[in-house]
$ cat coords27.cif   # mmCIF, C-alpha atoms and all ligand atoms
data_input
#
loop_
_atom_site.label_atom_id
_atom_site.label_comp_id
_atom_site.auth_asym_id
_atom_site.auth_seq_id
_atom_site.Cartn_x
_atom_site.Cartn_y
_atom_site.Cartn_z
CA MET A 1 16.64 -64.67 -9.98
CA GLU A 2 16.22 -62.56 -13.08
CA ILE A 3 13.77 -60.35 -11.27
CA LYS A 4 16.29 -59.74 -8.50
CA VAL A 5 19.02 -58.77 -10.98
CA MET A 6 16.68 -56.33 -12.69
CA LYS A 7 15.82 -54.78 -9.33
CA ASN A 8 19.51 -54.31 -8.53
CA ILE A 9 20.14 -52.60 -11.85
CA LEU A 10 17.24 -50.22 -11.34
CA GLY A 11 18.25 -49.58 -7.72
CA GLU A 12 21.78 -48.62 -8.77
CA ASN A 13 20.40 -46.46 -11.58
CA ASP A 14 18.07 -44.65 -9.18
CA ARG A 15 20.97 -43.95 -6.83
CA ILE A 16 23.02 -42.31 -9.60
CA ALA A 17 19.95 -40.49 -10.95
CA ALA A 18 19.46 -38.95 -7.49
CA GLU A 19 23.10 -37.75 -7.56
CA ASN A 20 22.53 -36.19 -10.97
CA GLN A 21 19.35 -34.58 -9.74
CA ALA A 22 21.19 -33.05 -6.77
CA LEU A 23 23.84 -31.62 -9.11
CA PHE A 24 21.23 -30.12 -11.44
CA LYS A 25 19.40 -28.67 -8.46
CA GLU A 26 22.57 -27.07 -7.13
CA LYS A 27 23.18 -25.55 -10.57
CA ASN A 28 19.54 -24.49 -11.08
CA VAL A 29 19.29 -26.39 -14.34
CA TYR A 30 15.88 -27.70 -15.38
CA VAL A 31 16.28 -31.05 -17.11
CA ILE A 32 13.73 -32.72 -19.34
CA ASN A 33 14.12 -36.27 -20.57
CA LEU A 34 12.50 -36.36 -24.01
CA MET A 35 11.39 -39.79 -25.13
CA GLY A 36 9.53 -41.35 -28.05
CA SER A 37 9.78 -43.85 -30.91
CA PRO A 38 12.33 -43.56 -33.71
CA GLY A 39 10.85 -41.09 -36.17
CA ALA A 40 8.37 -39.53 -33.73
CA GLY A 41 10.03 -36.20 -34.35
CA LYS A 42 11.98 -35.60 -31.13
CA THR A 43 14.84 -33.88 -32.92
CA SER A 44 12.45 -31.81 -35.07
CA VAL A 45 10.67 -30.65 -31.92
CA LEU A 46 14.06 -29.78 -30.46
CA GLU A 47 15.02 -27.76 -33.53
CA LYS A 48 11.82 -25.74 -33.19
CA THR A 49 12.45 -25.38 -29.45
CA MET A 50 15.94 -24.00 -30.03
CA GLU A 51 14.63 -21.48 -32.56
CA ARG A 52 12.20 -20.17 -29.95
CA LEU A 53 14.17 -20.44 -26.74
CA LYS A 54 17.89 -20.24 -27.36
CA ASP A 55 17.93 -16.45 -27.00
CA LYS A 56 15.72 -16.54 -23.89
CA VAL A 57 17.52 -19.22 -21.89
CA ASN A 58 20.91 -20.87 -21.91
CA MET A 59 20.21 -24.33 -23.17
CA ALA A 60 22.15 -27.45 -24.02
CA VAL A 61 21.29 -30.85 -25.40
CA ILE A 62 22.48 -34.36 -24.69
CA GLU A 63 21.69 -36.60 -27.64
CA GLY A 64 21.24 -40.30 -27.13
CA ASP A 65 21.55 -42.48 -30.20
CA LEU A 66 22.45 -46.05 -30.94
CA PHE A 67 25.32 -45.31 -33.30
CA THR A 68 25.35 -42.11 -35.35
CA SER A 69 25.72 -38.43 -34.53
CA LYS A 70 23.21 -37.34 -37.19
CA ASP A 71 20.86 -35.74 -34.66
CA ALA A 72 23.67 -34.01 -32.77
CA GLU A 73 24.80 -32.48 -36.06
CA ARG A 74 21.28 -31.08 -36.57
CA ILE A 75 21.34 -29.57 -33.07
CA GLU A 76 24.81 -28.10 -33.50
CA LYS A 77 23.67 -26.08 -36.52
CA HIS A 78 21.53 -24.01 -34.15
CA GLY A 79 24.55 -22.96 -32.12
CA VAL A 80 23.44 -24.82 -28.99
CA PRO A 81 26.01 -26.92 -27.07
CA VAL A 82 25.37 -30.58 -27.71
CA ILE A 83 26.97 -33.76 -26.48
CA GLN A 84 26.44 -37.05 -28.24
CA ILE A 85 26.11 -40.30 -26.31
CA ASN A 86 26.30 -43.38 -28.49
CA THR A 87 24.92 -46.36 -26.65
CA ALA A 88 26.45 -48.81 -29.17
CA GLY A 89 23.14 -50.59 -29.58
CA GLY A 90 21.83 -49.97 -26.04
CA CYS A 91 18.15 -49.15 -26.21
CA HIS A 92 17.99 -46.37 -23.58
CA LEU A 93 20.09 -43.82 -21.74
CA ASP A 94 20.84 -44.44 -18.08
CA ALA A 95 21.86 -42.23 -15.18
CA ALA A 96 25.54 -43.24 -15.30
CA MET A 97 25.81 -42.06 -18.91
CA ILE A 98 24.45 -38.66 -17.93
CA GLN A 99 26.74 -38.51 -14.88
CA GLN A 100 29.77 -39.06 -17.10
CA THR A 101 28.58 -36.53 -19.68
CA ALA A 102 27.08 -33.63 -17.72
CA PRO A 103 30.43 -32.24 -16.41
CA GLN A 104 31.42 -31.48 -20.02
CA LEU A 105 28.69 -28.83 -20.05
CA ASP A 106 29.04 -25.41 -18.43
CA LEU A 107 26.38 -26.17 -15.82
CA ASP A 108 26.90 -22.87 -13.95
CA LYS A 109 25.65 -20.98 -16.99
CA LEU A 110 22.93 -23.41 -18.02
CA ASP A 111 19.17 -22.94 -17.49
CA LEU A 112 17.74 -25.79 -19.55
CA LEU A 113 19.12 -29.19 -20.45
CA VAL A 114 17.19 -31.38 -22.87
CA VAL A 115 18.13 -35.03 -22.91
CA GLU A 116 16.92 -36.64 -26.14
CA ASN A 117 16.65 -40.30 -25.30
CA VAL A 118 17.22 -43.20 -27.67
CA GLY A 119 14.20 -43.74 -29.93
CA ASN A 120 12.15 -46.34 -28.06
CA LEU A 121 8.70 -46.34 -26.45
CA VAL A 122 9.53 -48.93 -23.83
CA CYS A 123 12.52 -48.93 -21.48
CA PRO A 124 13.64 -45.26 -21.52
CA ALA A 125 10.60 -44.74 -19.28
CA GLU A 126 12.07 -47.17 -16.73
CA PHE A 127 15.45 -45.49 -16.34
CA ALA A 128 15.58 -42.10 -14.65
CA VAL A 129 18.61 -40.06 -15.69
CA GLY A 130 18.29 -37.29 -13.10
CA GLU A 131 15.67 -35.30 -14.95
CA ASP A 132 13.09 -33.00 -13.39
CA GLU A 133 10.44 -34.34 -15.71
CA LYS A 134 9.95 -36.62 -18.66
CA GLY A 135 8.18 -35.77 -21.89
CA VAL A 136 6.94 -38.05 -24.66
CA VAL A 137 6.63 -37.30 -28.36
CA LEU A 138 4.12 -39.51 -30.20
CA SER A 139 3.63 -39.02 -33.90
CA ILE A 140 0.29 -39.38 -35.65
CA THR A 141 1.83 -41.93 -38.04
CA GLU A 142 2.42 -44.36 -35.15
CA GLY A 143 -1.29 -44.97 -34.59
CA ASP A 144 -3.77 -43.93 -31.92
CA ASP A 145 -3.49 -47.28 -30.11
CA LYS A 146 0.02 -46.56 -28.83
CA PRO A 147 -0.83 -44.88 -25.49
CA MET A 148 -2.73 -47.96 -24.29
CA LYS A 149 -0.07 -50.31 -25.72
CA TYR A 150 2.82 -48.44 -24.10
CA PRO A 151 1.23 -47.06 -20.93
CA LEU A 152 4.33 -46.58 -18.78
CA ILE A 153 5.88 -43.83 -20.89
CA PHE A 154 2.63 -41.85 -20.68
CA LYS A 155 2.26 -42.48 -16.95
CA GLU A 156 5.82 -41.31 -16.35
CA SER A 157 5.72 -38.21 -18.55
CA ALA A 158 4.55 -34.77 -17.50
CA ILE A 159 3.71 -33.79 -21.05
CA ALA A 160 2.79 -35.52 -24.31
CA LEU A 161 3.34 -33.91 -27.68
CA LEU A 162 1.14 -35.38 -30.41
CA ASN A 163 3.39 -34.56 -33.32
CA LYS A 164 2.70 -34.38 -37.07
CA VAL A 165 -0.98 -33.49 -36.50
CA ASP A 166 -0.99 -32.08 -40.05
CA LEU A 167 -1.05 -35.75 -41.14
CA VAL A 168 -4.28 -36.62 -39.30
CA PRO A 169 -6.38 -36.46 -42.51
CA PHE A 170 -4.17 -39.17 -44.06
CA CYS A 171 -3.63 -41.52 -41.13
CA ASN A 172 -6.88 -42.78 -39.55
CA PHE A 173 -5.61 -41.40 -36.27
CA ASP A 174 -8.46 -40.61 -33.88
CA LEU A 175 -7.10 -37.64 -31.94
CA LYS A 176 -10.02 -37.59 -29.52
CA SER A 177 -9.65 -41.26 -28.67
CA ALA A 178 -5.86 -40.99 -28.22
CA GLU A 179 -6.23 -37.96 -25.97
CA GLU A 180 -8.91 -39.72 -23.92
CA ASP A 181 -6.65 -42.75 -23.52
CA ILE A 182 -3.77 -40.54 -22.39
CA ASP A 183 -6.05 -38.85 -19.88
CA THR A 184 -7.17 -42.25 -18.59
CA LEU A 185 -3.55 -43.36 -18.13
CA HIS A 186 -2.39 -40.10 -16.60
CA PRO A 187 -5.28 -37.85 -15.59
CA GLY A 188 -4.67 -34.17 -16.13
CA MET A 189 -1.46 -34.71 -18.10
CA LYS A 190 -0.58 -31.85 -20.41
CA VAL A 191 -1.17 -32.81 -24.06
CA ILE A 192 -0.28 -30.52 -26.96
CA GLU A 193 -1.05 -31.12 -30.63
CA VAL A 194 2.07 -30.21 -32.58
CA SER A 195 3.16 -29.93 -36.18
CA CYS A 196 6.78 -28.93 -36.63
CA THR A 197 6.35 -28.48 -40.38
CA LYS A 198 3.29 -26.23 -39.94
CA ASP A 199 4.67 -24.54 -36.83
CA GLN A 200 1.60 -25.56 -34.84
CA GLY A 201 1.65 -26.04 -31.07
CA VAL A 202 5.33 -25.13 -30.82
CA ASP A 203 4.67 -21.89 -28.93
CA ALA A 204 2.44 -23.70 -26.42
CA TRP A 205 5.17 -26.30 -25.83
CA CYS A 206 7.90 -23.67 -25.48
CA ASP A 207 5.75 -21.60 -23.09
CA TRP A 208 5.21 -24.71 -20.96
CA LEU A 209 8.94 -25.43 -20.96
CA LEU A 210 9.90 -21.86 -20.14
CA LEU A 211 7.55 -21.85 -17.13
CA ARG A 212 9.27 -25.00 -15.83
CA VAL A 213 12.73 -23.45 -16.29
CA ARG A 214 11.69 -20.26 -14.48
CA ALA A 215 10.02 -22.22 -11.68
CA LYS A 216 13.22 -24.19 -11.09
CA GLN A 217 15.13 -20.94 -10.80
CA GLY A 218 12.51 -19.57 -8.40
CA LYS A 219 11.53 -16.78 -10.80
MG MG B 1 16.21 -37.80 -32.91
ZN ZN B 2 16.52 -50.19 -23.01
#
$ encode --input "coords27.cif" --output "structure tokens"
Amino acid sequence: MEIKVMKNILGENDRIAAENQALFKEKNVYVINLMGSPGAGKTSVLEKTMERLKDKVNMAVIEGDLFTSKDAERIEKHGVPVIQINTAGGCHLDAAMIQQTAPQLDLDKLDLLVVENVGNLVCPAEFAVGEDEKGVVLSITEGDDKPMKYPLIFKESAIALLNKVDLVPFCNFDLKSAEEDIDTLHPGMKVIEVSCTKDQGVDAWCDWLLLRVRAKQGK
């Protein structure tokens, strides 16, 4: 019985996600659903991304958080339109939340929409929101065992950012082993070593993102 209920929820979510996807396609907006644990550095990556890309593309952000608007306030400082979704304790964003929120953005003018999901390595990967692709941010401080322990998010994502690589010398994090595990879970997946504080890997990530945006627009 429980399994059937779960299937119905996911089926309904997929239906709405497909509607969102059709809208974003019509408007030529590339959408990435950025996921990762609390503290992985999703918002820091976004801040670096805005510095690099906000003059090259029209971008906006939808911020998912349990309660606060702390992250949205950080985004807003960069002059990029941002909408906060508070899930009131809900552990992921779903397609209906994005459907209700997206019309508040000027989609005709938009090239890139980043959806920062609620900090969580588990169920955000199960709920499509209408994105083109998913991305996962994993920080070095979380441990190199996380890809194998949370395989779905790596299987579902087109790109993995290994963030805070400047902390490798202090964290017993085996980069080679983590990258091999990610490649086992999702062969050929793009993996970039990033440090927001040292400005490492940010250009590679932004170049990757820009290519996706241009491809969506047929440029
Ligand atoms: Mg955040
Ligand atoms: Zn959840």
$ closest_residue --input "coords27.cif" --among "A:Ala18, A:Met189, A:Val57, A:Leu46" --to "ligand MG 1 (chain B)" --atoms "only C-alpha atoms and all ligand atoms"
A:Leu46
$ residues_around --input "coords27.cif" --residues "range 30-36 of chain A" --least-positions-apart "4" --cutoff "8 Å" --atoms "all atoms listed in the file" --output "VMD selection string"
chain A and resid 24 to 25 40 42 111 to 121 124 to 125 129 to 138 212 to 213 216
$ atom_distance --input "coords27.cif" --atom1 "CA of Glu142 in chain A" --atom2 "CA of Trp205 in chain A"
20.5 Å
$ residues_around --input "coords27.cif" --residues "Asp199 in chain A" --least-positions-apart "5" --cutoff "10 Å" --atoms "only C-alpha atoms" --output "PyMOL selection string"
chain A and resi 45+48+166+194
$ atom_distance --input "coords27.cif" --atom1 "CA of Glu76 in chain A" --atom2 "CA of Ala160 in chain A"
25.0 Å
$ atom_distance --input "coords27.cif" --atom1 "CA of Ser69 in chain A" --atom2 "CA of Thr49 in chain A"
19.3 Å
$ residues_around --input "coords27.cif" --residues "Asn13 in chain A" --least-positions-apart "6" --cutoff "12 Å" --atoms "all atoms listed in the file" --output "list in words"
Met6, Lys7, Glu19, Asn20, Leu93, Asp94, Ala95, Ala96, Met97, Ile98, Gln99, Glu126, Phe127, Ala128, Val129 and Gly130 of chain A
$ residues_around --input "coords27.cif" --residues "Asp71 in chain A" --least-positions-apart "4" --cutoff "8 Å" --atoms "all atoms listed in the file" --output "PDB file with C-alpha atoms, keeping the file's coordinate frame"
ATOM      1  CA  THR A  43      14.840 -33.880 -32.920  1.00  0.00           C
ATOM      2  CA  GLU A  63      21.690 -36.600 -27.640  1.00  0.00           C
ATOM      3  CA  ILE A  75      21.340 -29.570 -33.070  1.00  0.00           C
TER       4      ILE A  75
END
